[in-house]
$ cat coords_13.tsv   # TSV, C-alpha atoms and all ligand atoms
chain	number	residue	atom	x	y	z
A	1	MET	CA	42.14	144.78	130.19
A	2	ASN	CA	44.07	143.25	133.11
A	3	LYS	CA	46.97	145.70	133.59
A	4	ASN	CA	49.30	143.06	135.07
A	5	LYS	CA	48.78	140.85	132.05
A	6	GLU	CA	49.54	143.77	129.76
A	7	MET	CA	52.78	144.72	131.58
A	8	GLY	CA	53.92	141.10	131.80
A	9	THR	CA	56.37	139.67	134.30
A	10	ALA	CA	59.51	141.33	135.59
A	11	VAL	CA	62.24	138.96	136.77
A	12	ILE	CA	64.50	140.43	139.44
A	13	THR	CA	67.51	138.51	140.67
A	14	GLY	CA	68.83	139.33	144.11
A	15	ALA	CA	65.44	140.60	145.29
A	16	SER	CA	65.84	139.52	148.91
A	17	SER	CA	67.61	142.76	149.93
A	18	GLY	CA	69.14	146.02	148.81
A	19	LEU	CA	68.54	147.33	145.29
A	20	GLY	CA	66.63	144.21	144.22
A	21	GLU	CA	64.05	144.61	146.97
A	22	VAL	CA	63.41	148.24	145.91
A	23	PHE	CA	63.24	147.25	142.23
A	24	ALA	CA	60.55	144.71	143.20
A	25	GLU	CA	58.54	147.37	145.02
A	26	ARG	CA	58.84	149.91	142.19
A	27	LEU	CA	57.95	147.46	139.42
A	28	ALA	CA	55.00	146.06	141.35
A	29	LYS	CA	53.79	149.65	141.70
A	30	ARG	CA	54.11	150.03	137.92
A	31	GLY	CA	51.82	147.01	137.52
A	32	TYR	CA	54.25	144.22	136.66
A	33	ASN	CA	53.80	140.70	137.96
A	34	LEU	CA	57.08	139.61	139.52
A	35	LYS	CA	59.39	136.63	139.54
A	36	LEU	CA	61.93	137.05	142.33
A	37	VAL	CA	65.18	135.11	142.62
A	38	ALA	CA	67.53	134.75	145.62
A	39	ARG	CA	68.69	132.21	148.21
A	40	ARG	CA	66.91	133.59	151.31
A	41	LYS	CA	63.41	132.12	151.08
A	42	ASP	CA	62.11	133.84	154.22
A	43	ARG	CA	62.97	137.29	152.83
A	44	LEU	CA	61.45	136.53	149.41
A	45	ASP	CA	58.28	135.11	150.99
A	46	ALA	CA	57.79	138.18	153.18
A	47	LEU	CA	58.37	140.52	150.23
A	48	ALA	CA	56.05	138.55	147.94
A	49	SER	CA	53.20	138.57	150.41
A	50	ARG	CA	53.63	142.31	151.10
A	51	LEU	CA	53.69	143.27	147.40
A	52	GLN	CA	50.82	140.97	146.41
A	53	THR	CA	48.61	142.56	149.04
A	54	LYS	CA	49.72	146.14	148.40
A	55	TYR	CA	49.72	146.18	144.59
A	56	ASN	CA	47.46	143.25	143.63
A	57	VAL	CA	50.17	141.69	141.44
A	58	LYS	CA	51.22	138.06	141.12
A	59	VAL	CA	54.60	137.31	142.70
A	60	THR	CA	56.43	134.01	142.17
A	61	ASN	CA	59.60	133.21	144.06
A	62	LEU	CA	62.44	131.10	142.72
A	63	VAL	CA	64.67	130.19	145.65
A	64	ALA	CA	68.03	129.47	144.07
A	65	ASP	CA	71.75	129.78	144.55
A	66	LEU	CA	72.89	131.39	141.30
A	67	GLY	CA	76.41	130.23	142.13
A	68	SER	CA	75.25	126.61	141.82
A	69	GLU	CA	75.31	125.17	138.30
A	70	THR	CA	72.15	123.12	138.93
A	71	ASP	CA	70.13	125.94	140.49
A	72	LEU	CA	71.21	128.35	137.75
A	73	GLU	CA	70.16	125.89	135.06
A	74	ASN	CA	66.77	125.42	136.78
A	75	VAL	CA	66.19	129.18	136.90
A	76	ALA	CA	67.29	129.58	133.27
A	77	ASN	CA	64.92	126.77	132.21
A	78	ASP	CA	62.06	128.41	134.11
A	79	LEU	CA	62.70	131.77	132.43
A	80	ARG	CA	63.05	130.18	128.99
A	81	ALA	CA	59.62	128.55	129.38
A	82	ASP	CA	57.86	131.63	130.75
A	83	LYS	CA	56.59	133.63	127.79
A	84	SER	CA	55.05	136.30	130.04
A	85	ILE	CA	58.49	137.77	130.85
A	86	THR	CA	58.93	141.35	129.61
A	87	VAL	CA	61.74	142.51	131.94
A	88	LEU	CA	64.88	140.88	133.35
A	89	ILE	CA	66.97	142.74	135.92
A	90	ASN	CA	70.30	140.99	136.43
A	91	ASN	CA	70.84	142.52	139.86
A	92	ALA	CA	72.13	139.68	142.08
A	93	GLY	CA	75.75	140.18	142.94
A	94	THR	CA	78.35	139.28	145.50
A	95	SER	CA	81.54	140.93	146.54
A	96	THR	CA	84.62	140.17	148.59
A	97	LEU	CA	86.79	143.22	148.97
A	98	ALA	CA	90.32	142.10	149.81
A	99	ALA	CA	93.64	141.39	148.12
A	100	THR	CA	93.39	138.38	145.82
A	101	THR	CA	95.94	136.47	147.92
A	102	ALA	CA	93.70	137.01	150.96
A	103	THR	CA	90.53	135.84	149.15
A	104	SER	CA	89.66	132.14	149.16
A	105	VAL	CA	89.21	130.41	145.82
A	106	ALA	CA	85.60	129.69	146.86
A	107	LYS	CA	84.92	133.44	147.24
A	108	GLN	CA	86.72	134.27	144.00
A	109	LYS	CA	84.64	131.66	142.17
A	110	ALA	CA	81.41	132.89	143.79
A	111	MET	CA	82.03	136.36	142.33
A	112	VAL	CA	82.66	134.92	138.87
A	113	ASP	CA	79.67	132.54	139.06
A	114	VAL	CA	77.09	135.04	140.35
A	115	ASN	CA	78.35	138.28	138.80
A	116	ILE	CA	79.32	136.88	135.38
A	117	THR	CA	77.99	133.39	134.59
A	118	ALA	CA	74.49	133.95	135.98
A	119	VAL	CA	74.16	137.30	134.17
A	120	MET	CA	75.14	135.67	130.87
A	121	LEU	CA	73.01	132.51	131.19
A	122	LEU	CA	69.88	134.31	132.39
A	123	SER	CA	70.23	136.83	129.56
A	124	ASN	CA	70.55	133.88	127.17
A	125	ALA	CA	67.31	132.51	128.59
A	126	VAL	CA	65.16	135.59	127.88
A	127	LEU	CA	66.76	137.30	124.87
A	128	PRO	CA	65.45	134.88	122.21
A	129	GLN	CA	61.84	135.55	123.27
A	130	PHE	CA	62.49	139.30	123.50
A	131	ILE	CA	63.93	139.26	119.98
A	132	GLU	CA	61.07	137.14	118.65
A	133	LYS	CA	58.47	139.50	120.15
A	134	ASN	CA	60.63	142.55	119.31
A	135	GLU	CA	60.11	143.91	122.80
A	136	GLY	CA	61.58	143.49	126.24
A	137	ILE	CA	63.80	145.20	128.78
A	138	LEU	CA	67.13	143.86	130.07
A	139	ILE	CA	68.81	145.79	132.88
A	140	ASN	CA	72.30	144.71	133.92
A	141	ILE	CA	73.63	146.09	137.19
A	142	ALA	CA	77.38	146.58	136.90
A	143	SER	CA	79.20	149.13	139.10
A	144	VAL	CA	81.57	152.08	138.97
A	145	LEU	CA	84.05	149.34	139.88
A	146	GLY	CA	83.42	147.96	136.40
A	147	PHE	CA	85.59	150.75	134.99
A	148	PHE	CA	87.77	151.45	138.03
A	149	THR	CA	89.81	149.12	140.21
A	150	LEU	CA	91.03	149.31	143.80
A	151	PRO	CA	93.77	147.19	145.36
A	152	ILE	CA	90.96	145.30	147.15
A	153	SER	CA	88.68	144.87	144.15
A	154	ALA	CA	90.71	143.13	141.44
A	155	ILE	CA	88.26	140.23	141.10
A	156	TYR	CA	85.02	142.12	141.84
A	157	SER	CA	86.06	144.85	139.39
A	158	GLY	CA	87.00	142.18	136.86
A	159	THR	CA	83.54	140.64	137.10
A	160	LYS	CA	81.83	144.02	136.79
A	161	GLY	CA	84.12	144.90	133.87
A	162	PHE	CA	82.64	141.85	132.17
A	163	VAL	CA	79.12	143.12	132.80
A	164	VAL	CA	80.06	146.51	131.31
A	165	GLN	CA	81.55	145.15	128.07
A	166	TYR	CA	78.98	142.35	127.74
A	167	THR	CA	76.11	144.81	128.06
A	168	LEU	CA	77.67	147.29	125.61
A	169	GLY	CA	78.01	144.39	123.18
A	170	LEU	CA	74.37	143.34	123.61
A	171	GLN	CA	73.30	146.92	122.98
A	172	GLN	CA	75.09	146.81	119.63
A	173	GLU	CA	73.58	143.42	118.75
A	174	LEU	CA	70.09	144.70	119.51
A	175	LYS	CA	70.42	148.16	118.01
A	176	GLY	CA	67.42	149.01	115.84
A	177	THR	CA	65.08	146.64	117.70
A	178	ASN	CA	62.57	147.42	120.44
A	179	VAL	CA	64.59	145.42	122.96
A	180	GLN	CA	65.97	147.91	125.48
A	181	VAL	CA	69.28	147.02	127.15
A	182	GLN	CA	70.37	149.26	130.01
A	183	LEU	CA	73.81	149.18	131.61
A	184	VAL	CA	73.88	150.57	135.15
A	185	ASN	CA	76.95	151.70	137.06
A	186	PRO	CA	75.95	152.54	140.63
A	187	ALA	CA	78.50	153.90	143.09
A	188	THR	CA	78.35	153.24	146.84
A	189	THR	CA	74.82	152.43	147.96
A	190	ALA	CA	73.64	151.49	151.45
A	191	THR	CA	73.15	147.74	151.17
A	192	GLU	CA	74.28	144.53	152.80
A	193	ILE	CA	76.85	143.85	150.08
A	194	TRP	CA	79.38	145.96	151.97
A	195	GLU	CA	79.08	143.80	155.10
A	196	VAL	CA	79.18	140.68	152.89
A	197	GLY	CA	82.32	142.02	151.21
A	198	GLY	CA	84.14	142.69	154.47
A	199	VAL	CA	84.02	146.50	154.39
A	200	PRO	CA	81.25	147.81	156.68
A	201	LEU	CA	79.37	150.89	155.49
A	202	ALA	CA	80.41	152.61	158.73
A	203	ALA	CA	84.01	152.54	157.48
A	204	LEU	CA	83.15	154.60	154.37
A	205	GLU	CA	82.93	158.36	153.90
A	206	GLN	CA	79.24	158.78	154.73
A	207	SER	CA	78.61	161.55	152.18
A	208	THR	CA	79.42	159.11	149.34
A	209	ILE	CA	76.63	156.67	150.24
A	210	MET	CA	73.34	156.74	148.33
A	211	THR	CA	70.08	155.24	149.59
A	212	THR	CA	68.68	152.22	147.74
A	213	GLU	CA	65.48	154.15	146.98
A	214	ASP	CA	67.36	157.07	145.38
A	215	CYS	CA	69.54	154.67	143.39
A	216	VAL	CA	66.66	152.59	142.00
A	217	ASP	CA	64.54	155.66	141.22
A	218	ALA	CA	67.46	157.19	139.30
A	219	ILE	CA	67.97	153.93	137.39
A	220	LEU	CA	64.29	153.73	136.43
A	221	SER	CA	64.32	157.39	135.44
A	222	GLY	CA	67.30	156.61	133.16
A	223	LEU	CA	65.36	153.65	131.75
A	224	ASP	CA	62.31	155.80	131.07
A	225	LYS	CA	64.53	158.29	129.21
A	226	GLY	CA	65.85	155.41	127.06
A	227	GLU	CA	69.42	155.76	128.35
A	228	LEU	CA	71.87	153.06	127.29
A	229	THR	CA	74.15	153.61	130.27
A	230	THR	CA	73.02	155.03	133.58
A	231	HIS	CA	75.39	156.42	136.20
A	232	PRO	CA	72.97	157.15	139.06
A	233	SER	CA	75.35	159.37	141.06
A	234	VAL	CA	77.31	161.20	138.35
A	235	HIS	CA	75.95	164.75	138.25
A	236	ASP	CA	78.13	166.07	135.43
A	237	GLN	CA	76.78	164.76	132.09
A	238	GLN	CA	79.85	166.21	130.32
A	239	LEU	CA	82.08	163.78	132.26
A	240	ILE	CA	80.04	160.85	130.98
A	241	ASP	CA	80.14	162.17	127.41
A	242	ALA	CA	83.91	162.87	127.55
A	243	TYR	CA	84.59	159.36	128.87
A	244	GLU	CA	82.58	157.83	126.02
A	245	VAL	CA	84.39	159.93	123.41
A	246	ALA	CA	87.83	159.08	124.88
A	247	ARG	CA	86.99	155.35	125.00
A	248	ILE	CA	86.03	155.31	121.31
A	249	LYS	CA	88.98	157.52	120.27
A	250	LEU	CA	91.46	155.24	122.08
A	251	PHE	CA	90.08	152.24	120.21
A	252	GLU	CA	90.19	154.08	116.87
A	253	GLY	CA	93.74	155.21	117.64
A	254	SER	CA	94.79	151.56	117.93
A	255	GLN	CA	93.58	150.55	114.45
A	256	ASN	CA	96.68	151.16	112.32
A	257	GLY	CA	98.85	148.02	112.31
A	258	GLN	CA	102.02	149.89	113.31
A	259	PRO	CA	103.92	149.96	116.62
A	260	ALA	CA	103.72	153.38	118.24
A	261	GLY	CA	106.82	155.55	117.89
A	262	ARG	CA	107.62	155.31	121.62
A	263	TYR	CA	108.17	151.53	121.22
A	264	ILE	CA	110.58	151.79	118.29
A	265	GLN	CA	114.13	151.33	119.60
A	266	SER	CA	116.88	153.07	117.67
B	301	LIG	N1	75.67	148.54	147.12
B	301	LIG	C1	76.59	149.10	146.36
B	301	LIG	O1	77.37	149.97	146.79
B	301	LIG	C2	76.70	148.70	144.92
B	301	LIG	C3	76.11	147.55	144.44
B	301	LIG	N2	76.25	147.19	143.14
B	301	LIG	C4	75.63	145.98	142.62
B	301	LIG	O2	74.24	146.04	142.90
B	301	LIG	C5	73.70	144.72	142.85
B	301	LIG	C6	72.76	144.52	144.03
B	301	LIG	O3	73.52	144.45	145.21
B	301	LIG	P1	73.10	145.23	146.54
B	301	LIG	O4	71.67	145.48	146.55
B	301	LIG	O5	74.04	146.35	146.69
B	301	LIG	O6	73.52	144.18	147.66
B	301	LIG	P2	72.71	143.16	148.56
B	301	LIG	O7	73.74	142.34	149.24
B	301	LIG	O8	71.71	143.86	149.40
B	301	LIG	O9	71.93	142.30	147.50
B	301	LIG	C7	72.53	141.28	146.76
B	301	LIG	C8	71.43	140.35	146.30
B	301	LIG	O10	72.04	139.32	145.51
B	301	LIG	C9	71.61	138.07	146.00
B	301	LIG	N3	72.64	137.06	145.84
B	301	LIG	C10	73.93	137.12	146.24
B	301	LIG	N4	74.54	135.94	146.01
B	301	LIG	C11	73.60	135.13	145.44
B	301	LIG	C12	73.60	133.79	145.00
B	301	LIG	N5	74.69	133.02	145.10
B	301	LIG	N6	72.47	133.28	144.48
B	301	LIG	C13	71.34	134.04	144.40
B	301	LIG	N7	71.29	135.31	144.79
B	301	LIG	C14	72.40	135.85	145.32
B	301	LIG	C15	71.30	138.29	147.48
B	301	LIG	O11	70.32	137.36	147.92
B	301	LIG	P3	70.56	136.09	148.86
B	301	LIG	O12	71.71	136.41	149.78
B	301	LIG	O13	69.25	135.92	149.56
B	301	LIG	O14	70.87	134.98	147.93
B	301	LIG	C16	70.71	139.68	147.47
B	301	LIG	O15	69.35	139.64	147.21
B	301	LIG	C17	74.91	143.79	142.84
B	301	LIG	O16	75.09	143.31	141.51
B	301	LIG	C18	76.07	144.68	143.25
B	301	LIG	O17	77.30	144.22	142.74
B	301	LIG	C19	76.96	147.98	142.26
B	301	LIG	C20	77.55	149.12	142.68
B	301	LIG	C21	77.46	149.59	144.03
B	302	LIG	N1	79.18	146.67	145.58
B	302	LIG	C1	80.22	147.61	145.79
B	302	LIG	C2	81.41	146.90	146.21
B	302	LIG	O1	81.39	145.88	146.84
B	302	LIG	C3	80.49	148.42	144.54
B	302	LIG	O2	80.23	147.93	143.45
B	302	LIG	O3	80.95	149.56	144.70

$ encode --input "coords_13.tsv" --output "structure tokens"
Amino acid sequence: MNKNKEMGTAVITGASSGLGEVFAERLAKRGYNLKLVARRKDRLDALASRLQTKYNVKVTNLVADLGSETDLENVANDLRADKSITVLINNAGTSTLAATTATSVAKQKAMVDVNITAVMLLSNAVLPQFIEKNEGILINIASVLGFFTLPISAIYSGTKGFVVQYTLGLQQELKGTNVQVQLVNPATTATEIWEVGGVPLAALEQSTIMTTEDCVDAILSGLDKGELTTHPSVHDQQLIDAYEVARIKLFEGSQNGQPAGRYIQS
């Protein structure tokens, strides 16, 4: 049997650089045909021709600005119609790291459009076919800044906070099915997003920076283990477990209909 046909097509948004480019390489190596999405056509074309030659897979490029309503709709329509899709990696993202008052409305909107709206609409496009076939893999790339905020990341963290809660919600909706939904919270990784965001990698503590290859390999290892949430750089599993327990306990502690004693004025 044709292995590529068996594996189906993996859609990777933001494949023109950084994590997306490495995801494309790794999934081509695993035998997936690829559908790559980004704005920079030259980068996608070069990647497609390299991977097609190296791994004998089919690579289709969708050159699109996911911050544009029309382009996003075109990509969503393409994915909806493509029944060969078995994997969607919502990886494209953009960041401006600055105080909100120093961030143009255009940049604020770009973060919301690419990091939130595109993730939601592209998931909408593939999930019905995954559910119908009772198989498929959705990987949403959030960030450690989805559960932590800096004075320069109010909007970026807000958008990644959406990805965190949205993905946790999808996991609950799809519990008991064969549709795998993985939430990923990378920390600092050596990609262009830092330059794009206005904080060059050179300005960061160098020991905190992971390579794109290490990050993607950790994410795929988490996927292979069936993890729901993957923190590529968190070594201490107990920290992850304690955070999960505290999150659930805080919610449960809120379910009593009574103001807490500290708010009752005598
Ligand atoms: N690097 C890091 O430290 C961390 C990154 N992340 C997340 O990882 C993901 C990948 O980013 P990373 O690899 O780091 O950064 P890169 O800047 O290298 O990659 C971002 C990708 O997103 C694409 N993209 C950005 N804006 C648009 C747009 N409007 N339309 C279509 N594609 C777009 C870019 O392509 P093009 O410009 O060609 O359109 C590029 O391929 C992002 O979601 C990011 O938030 C999370 C935590 C840490
Ligand atoms: N992409 C980084 C910030 O811009 C991050 O998520 O840490």

$ atom_distance --input "coords_13.tsv" --atom1 "CA of Ile137 in chain A" --atom2 "CA of Ala110 in chain A"
26.2 Å

$ residues_around --input "coords_13.tsv" --residues "range 69-72 of chain A" --least-positions-apart "6" --cutoff "10 Å" --atoms "all atoms listed in the file" --output "PyMOL selection string"
chain A and resi 62-63+78+113-114+117-118+121-122

$ residues_near_ligand --input "coords_13.tsv" --ligand "ligand LIG 301 (chain B)" --cutoff "8 Å" --atoms "all atoms listed in the file" --output "MDAnalysis selection string"
chainID A and resid 13:21 37:41 43:44 63:68 90:95 110 113:115 141:145 160 185:194 196 209 212

$ closest_residue --input "coords_13.tsv" --among "A:Asp42, A:Val234, A:Gly136, A:Ser153" --to "ligand LIG 302 (chain B)" --atoms "all atoms listed in the file"
A:Ser153

$ atom_distance --input "coords_13.tsv" --atom1 "CA of Val59 in chain A" --atom2 "CA of Met7 in chain A"
13.5 Å

$ atom_distance --input "coords_13.tsv" --atom1 "CA of Gln265 in chain A" --atom2 "CA of Leu250 in chain A"
23.1 Å

$ axis_aligned_box --input "coords_13.tsv" --around "ligand LIG 302 (chain B)" --padding-each-side "5 Å" --output "lines of an AutoDock Vina configuration file"
center_x = 80.3
center_y = 147.7
center_z = 145.1
size_x = 12.2
size_y = 13.7
size_z = 13.4

$ closest_residue --input "coords_13.tsv" --among "A:Ala10, A:Ala46, A:Ala260, A:Ala154" --to "ligand LIG 302 (chain B)" --atoms "only C-alpha atoms and all ligand atoms"
A:Ala154

$ closest_residue --input "coords_13.tsv" --among "A:Asn74, A:Thr86, A:Thr149, A:Asn124" --to "Ala99 in chain A" --atoms "all atoms listed in the file"
A:Thr149

$ closest_residue --input "coords_13.tsv" --among "A:Val75, A:Val184, A:Leu138, A:Val105" --to "ligand LIG 302 (chain B)" --atoms "only C-alpha atoms and all ligand atoms"
A:Val184
